[in-house]
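Structure, as structure tokens:
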There are 6 protein chains.
Amino acid sequence: MTVYVTRRARFSAAHRLSHPDFSNEKNLEVFGGCSNPNGHGHNYELEVTVAGEPDPLTGYVIDLKKLKALIEEHILAYVDHKNLNIDVEFLSGINPTAENIAVACWHQLLPHIQGGRLHSVRLRETENNVIEYRGE
Amino acid sequence: MTVYVTRRARFSAAHRLSHPDFSNEKNLEVFGGCSNPNGHGHNYELEVTVAGEPDPLTGYVIDLKKLKALIEEHILAYVDHKNLNIDVEFLSGINPTAENIAVACWHQLLPHIQGGRLHSVRLRETENNVIEYRGE
Amino acid sequence: MTVYVTRRARFSAAHRLSHPDFSNEKNLEVFGGCSNPNGHGHNYELEVTVAGEPDPLTGYVIDLKKLKALIEEHILAYVDHKNLNIDVEFLSGINPTAENIAVACWHQLLPHIQGGRLHSVRLRETENNVIEYRGE
Amino acid sequence: MTVYVTRRARFSAAHRLSHPDFSNEKNLEVFGGCSNPNGHGHNYELEVTVAGEPDPLTGYVIDLKKLKALIEEHILAYVDHKNLNIDVEFLSGINPTAENIAVACWHQLLPHIQGGRLHSVRLRETENNVIEYRGE
Amino acid sequence: MTVYVTRRARFSAAHRLSHPDFSNEKNLEVFGGCSNPNGHGHNYELEVTVAGEPDPLTGYVIDLKKLKALIEEHILAYVDHKNLNIDVEFLSGINPTAENIAVACWHQLLPHIQGGRLHSVRLRETENNVIEYRGE
Amino acid sequence: MTVYVTRRARFSAAHRLSHPDFSNEKNLEVFGGCSNPNGHGHNYELEVTVAGEPDPLTGYVIDLKKLKALIEEHILAYVDHKNLNIDVEFLSGINPTAENIAVACWHQLLPHIQGGRLHSVRLRETENNVIEYRGE
């Protein structure tokens, strides 16, 4: 029996999209306003889903308080109220598109999930744009 | 051709998490504030998804008015404005974690779904915690 | 590696559910208030998901600005502020249930998605009713 | 002591904005897509606020179950799943802008509110457009 | 110059509506399902608004981190994951209608607000029911 | 008769809170993570309310399409996908707290509102923090 447990977390961060080999003009052409040289920012919503069988003693797949703590320790502590291009070691050298951030968050969490397997990471960048990665 | 039809319903209920073999101290250690002896409560959101082929005459997989009525008859009538530890026969003897409630709701609905197959039951306990069960 | 990219769009439209071979009484019996002869309407939310591998140069599966433009060109331009029974060529002869609209939107978009494959179309008709089609 | 009690209700309706003395061209110029001849529609959200002193016996300003019933009887029964230009007597001869609908809903409810005074009617036509009327 | 600063907080609690002088039958007649003898519960949303002039040095009316801490110390610590009829000293002897809870929260906070004046307390009990108190 | 018309708009921007006369340590002490030297960011939601009497010909207080255009021209064009500390002339020399941004947006819009009077500007910085200014 598999049950899917999702925890939502939020962080506020600045970023700028660009490619280091592109000129400023090329970056603006490819990334539009997202490549504003001084950056812009978002309230990101992160939804982490863990799949597994509920423990017969507790009825939990994974204690959501523990999943919350893991997200805070391994993701929020690095990215909340930060500049994703400059301040975040696990995004170093990565163009912080929502796709790339979601994949990086997956790899940040993967080694720490116990009592179930990491199933998906969803990143909502705006109310209209959402990215999901399932490790495949 | 498979189309997925989802109906959202809501109910307000009290519950307390605990294991009958645990001491009060052990329960508070395992379940934290969720094991407050006098209970607490939630506005639960339940999303029921039925999968199937739209009927060529009606264009419906399942009439959403009928799915609404089935959720009301087989779930809401038992749990809305109730104490999940005491008042609900289909949760009798079950520690009412969101995982266990979602699985129990699946089994409440399964025999009554026609015109499609029950695909998933999602239970949102708070705006940050969501559980899904797909019957597998 | 597969990443899922979702763009949400909105449109406001009128519709009436009915079957041309049914009498008015039969239509009201089958479709209830949704078959009000003078129609009713909704704020529809459409979520289009494209799956693919992020481009190593841009970090995009598909540029969300481009996906937004495709949805506007191939769907919103036809349905927003329209009557779905009368004004929309791609729904001609189709009973505009949410199921049928979602499937029709899938076929409107499918030929135009590049840089990834169309994965799903979700149509939220009210805050309680959602339809999803995945092309299978 | 004044406490403000708000009940939210929802209805789905079609409408068309126009002025009977305007030509079709003039209507489209003034009202844009909202004047599409075959209509369009919305999921309207209506928030009704009643102000008053909580009854010392019940702790209620007005029983929200009763306020819900009044909204259903005097508003939803007329407008839900209807065409606001054709089907609704209390909107007869009125151009159904959100402003005019909100004012008309105020007058529908006013004679029936007891145990408090009607304070405001808010009508959300889309997630971006909201109208409020306070009877002044 | 007056600026209004609002902080939202959330808590999950059980409650039962009743009057100690009413019989069980009378309580069920007056309060309906809200008087279920074993209680039910809600995810409450509390919005606290403070009005004042922004400090010229900081640009803050009140530091929202401080307002958050005051709400946690003087309200959430008492009510979150609690039974409002039994566990909460500041609601002792009070029928926990949303009206009465909102007024009690106002009085809990009032002595502690500095750098502005407490303007309103809004309590959302369900997505359809909201109460506001402004201290008048 | 006064009717209140609200238009919601959104923008994504980076900012950093600080006072130029404060040391970095003092800024971090006063503004916490909001003073991260490389900035952070938000999805801001702006709600602009105009009050007035509906025009008897159109039923509009102010055409919401026009209000949308005014917000885009006088606010979004300056702040969306920008760094509020560096890129925005109308915030030059202003510490971009939500309070200060809301007041500045009020003054940006005030000269351009016709057909009603500007009633309030609300700025939602996160789902928990909201600022309102009413020009008084």
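By order in the structure tokens, chains are A, B, ...; within a chain, residues start at 1; ligands start at 1, following the order shown.
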
* Could you name the residues that touch Asp55 in chain B at 12 Å or less, counting only C-alpha atoms, but leaving out those on the same chain fewer than 6 positions away, as a PyMOL selection string? -> (chain B and resi 1-3+61-63+115-116) or (chain C and resi 19+95+97+99-100)

* Asked: Mind checking DSSP for range 27-98 of chain F and telling me the alpha helix (DSSP H) residues as a list in words?
  ->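 Those in range 27-98 of chain F that DSSP calls alpha helix (DSSP H) are Asn27, Leu28, Glu29, Val30, Phe31, Leu64, Lys65, Lys66, Leu67, Lys68, Ala69, Leu70, Ile71, Ala77, Tyr78, Val79 and Ala98 of chain F.
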
Please produce a file of the residues just selected, as a PDB file, in the first residue's frame, where the atoms kept are N, CA and C atoms.
ATOM      1  N   ASN F  27      21.761  46.945  10.389  1.00  0.00           N
ATOM      2  CA  ASN F  27      20.697  46.624   9.432  1.00  0.00           C
ATOM      3  C   ASN F  27      20.180  45.205   9.640  1.00  0.00           C
ATOM      4  N   LEU F  28      21.090  44.254   9.847  1.00  0.00           N
ATOM      5  CA  LEU F  28      20.652  42.872  10.072  1.00  0.00           C
ATOM      6  C   LEU F  28      19.894  42.748  11.387  1.00  0.00           C
ATOM      7  N   GLU F  29      20.302  43.542  12.383  1.00  0.00           N
ATOM      8  CA  GLU F  29      19.607  43.500  13.668  1.00  0.00           C
ATOM      9  C   GLU F  29      18.183  44.051  13.520  1.00  0.00           C
ATOM     10  N   VAL F  30      18.044  45.144  12.758  1.00  0.00           N
ATOM     11  CA  VAL F  30      16.724  45.784  12.617  1.00  0.00           C
ATOM     12  C   VAL F  30      15.854  45.038  11.611  1.00  0.00           C
ATOM     13  N   PHE F  31      16.423  44.646  10.480  1.00  0.00           N
ATOM     14  CA  PHE F  31      15.604  44.125   9.373  1.00  0.00           C
ATOM     15  C   PHE F  31      15.718  42.605   9.185  1.00  0.00           C
ATOM     16  N   LEU F  64     -12.989  48.796 -15.546  1.00  0.00           N
ATOM     17  CA  LEU F  64     -11.885  48.030 -14.961  1.00  0.00           C
ATOM     18  C   LEU F  64     -10.770  47.772 -15.966  1.00  0.00           C
ATOM     19  N   LYS F  65     -11.102  47.733 -17.240  1.00  0.00           N
ATOM     20  CA  LYS F  65     -10.032  47.611 -18.242  1.00  0.00           C
ATOM     21  C   LYS F  65      -9.144  48.858 -18.229  1.00  0.00           C
ATOM     22  N   LYS F  66      -9.759  50.030 -17.957  1.00  0.00           N
ATOM     23  CA  LYS F  66      -8.970  51.261 -17.886  1.00  0.00           C
ATOM     24  C   LYS F  66      -8.149  51.298 -16.595  1.00  0.00           C
ATOM     25  N   LEU F  67      -8.751  50.857 -15.495  1.00  0.00           N
ATOM     26  CA  LEU F  67      -8.002  50.823 -14.229  1.00  0.00           C
ATOM     27  C   LEU F  67      -6.818  49.865 -14.352  1.00  0.00           C
ATOM     28  N   LYS F  68      -7.055  48.725 -14.997  1.00  0.00           N
ATOM     29  CA  LYS F  68      -5.957  47.783 -15.244  1.00  0.00           C
ATOM     30  C   LYS F  68      -4.836  48.472 -16.035  1.00  0.00           C
ATOM     31  N   ALA F  69      -5.211  49.204 -17.076  1.00  0.00           N
ATOM     32  CA  ALA F  69      -4.211  49.865 -17.911  1.00  0.00           C
ATOM     33  C   ALA F  69      -3.456  50.937 -17.128  1.00  0.00           C
ATOM     34  N   LEU F  70      -4.152  51.667 -16.250  1.00  0.00           N
ATOM     35  CA  LEU F  70      -3.475  52.692 -15.444  1.00  0.00           C
ATOM     36  C   LEU F  70      -2.470  52.065 -14.486  1.00  0.00           C
ATOM     37  N   ILE F  71      -2.844  50.945 -13.887  1.00  0.00           N
ATOM     38  CA  ILE F  71      -1.916  50.262 -12.973  1.00  0.00           C
ATOM     39  C   ILE F  71      -0.700  49.761 -13.748  1.00  0.00           C
ATOM     40  N   ALA F  77       4.837  48.867 -15.061  1.00  0.00           N
ATOM     41  CA  ALA F  77       5.920  49.133 -16.019  1.00  0.00           C
ATOM     42  C   ALA F  77       7.216  49.516 -15.303  1.00  0.00           C
ATOM     43  N   TYR F  78       7.102  50.054 -14.100  1.00  0.00           N
ATOM     44  CA  TYR F  78       8.285  50.463 -13.351  1.00  0.00           C
ATOM     45  C   TYR F  78       8.848  49.362 -12.446  1.00  0.00           C
ATOM     46  N   VAL F  79       7.953  48.529 -11.885  1.00  0.00           N
ATOM     47  CA  VAL F  79       8.396  47.631 -10.812  1.00  0.00           C
ATOM     48  C   VAL F  79       8.448  46.148 -11.178  1.00  0.00           C
ATOM     49  N   ALA F  98       7.138  47.272   2.637  1.00  0.00           N
ATOM     50  CA  ALA F  98       5.814  47.207   2.016  1.00  0.00           C
ATOM     51  C   ALA F  98       5.022  48.486   2.303  1.00  0.00           C
TER      52      ALA F  98
END

* Which of A:Glu127, A:Glu136, A:Glu45, A:Asp87 sits closest to chain D [using only C-alpha atoms] ->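 Ranked by minimum distance to chain D, first place goes to A:Glu127.
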
* Asked: Please, which residues of chain A lie no more than 6 Å from chain C when the count uses only C-alpha atoms, and can they be set out as an MDAnalysis selection string?
  -> chainID A and resid 97 128:133 136

* To do: Could you tell me which of D:Pro20, D:Gly52, D:Gly41, D:Gly32 comes closest to Ile94 in chain D if we count only C-alpha atoms?
  =>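 Counting only C-alpha atoms, the residue closest to Ile94 in chain D is D:Pro20.
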
* Where in range 12-131 of chain E does DSSP assign strand (DSSP E), given as a VMD selection string? -> chain E and resid 12 to 15 40 to 52 82 to 83 117 to 126 129 to 131
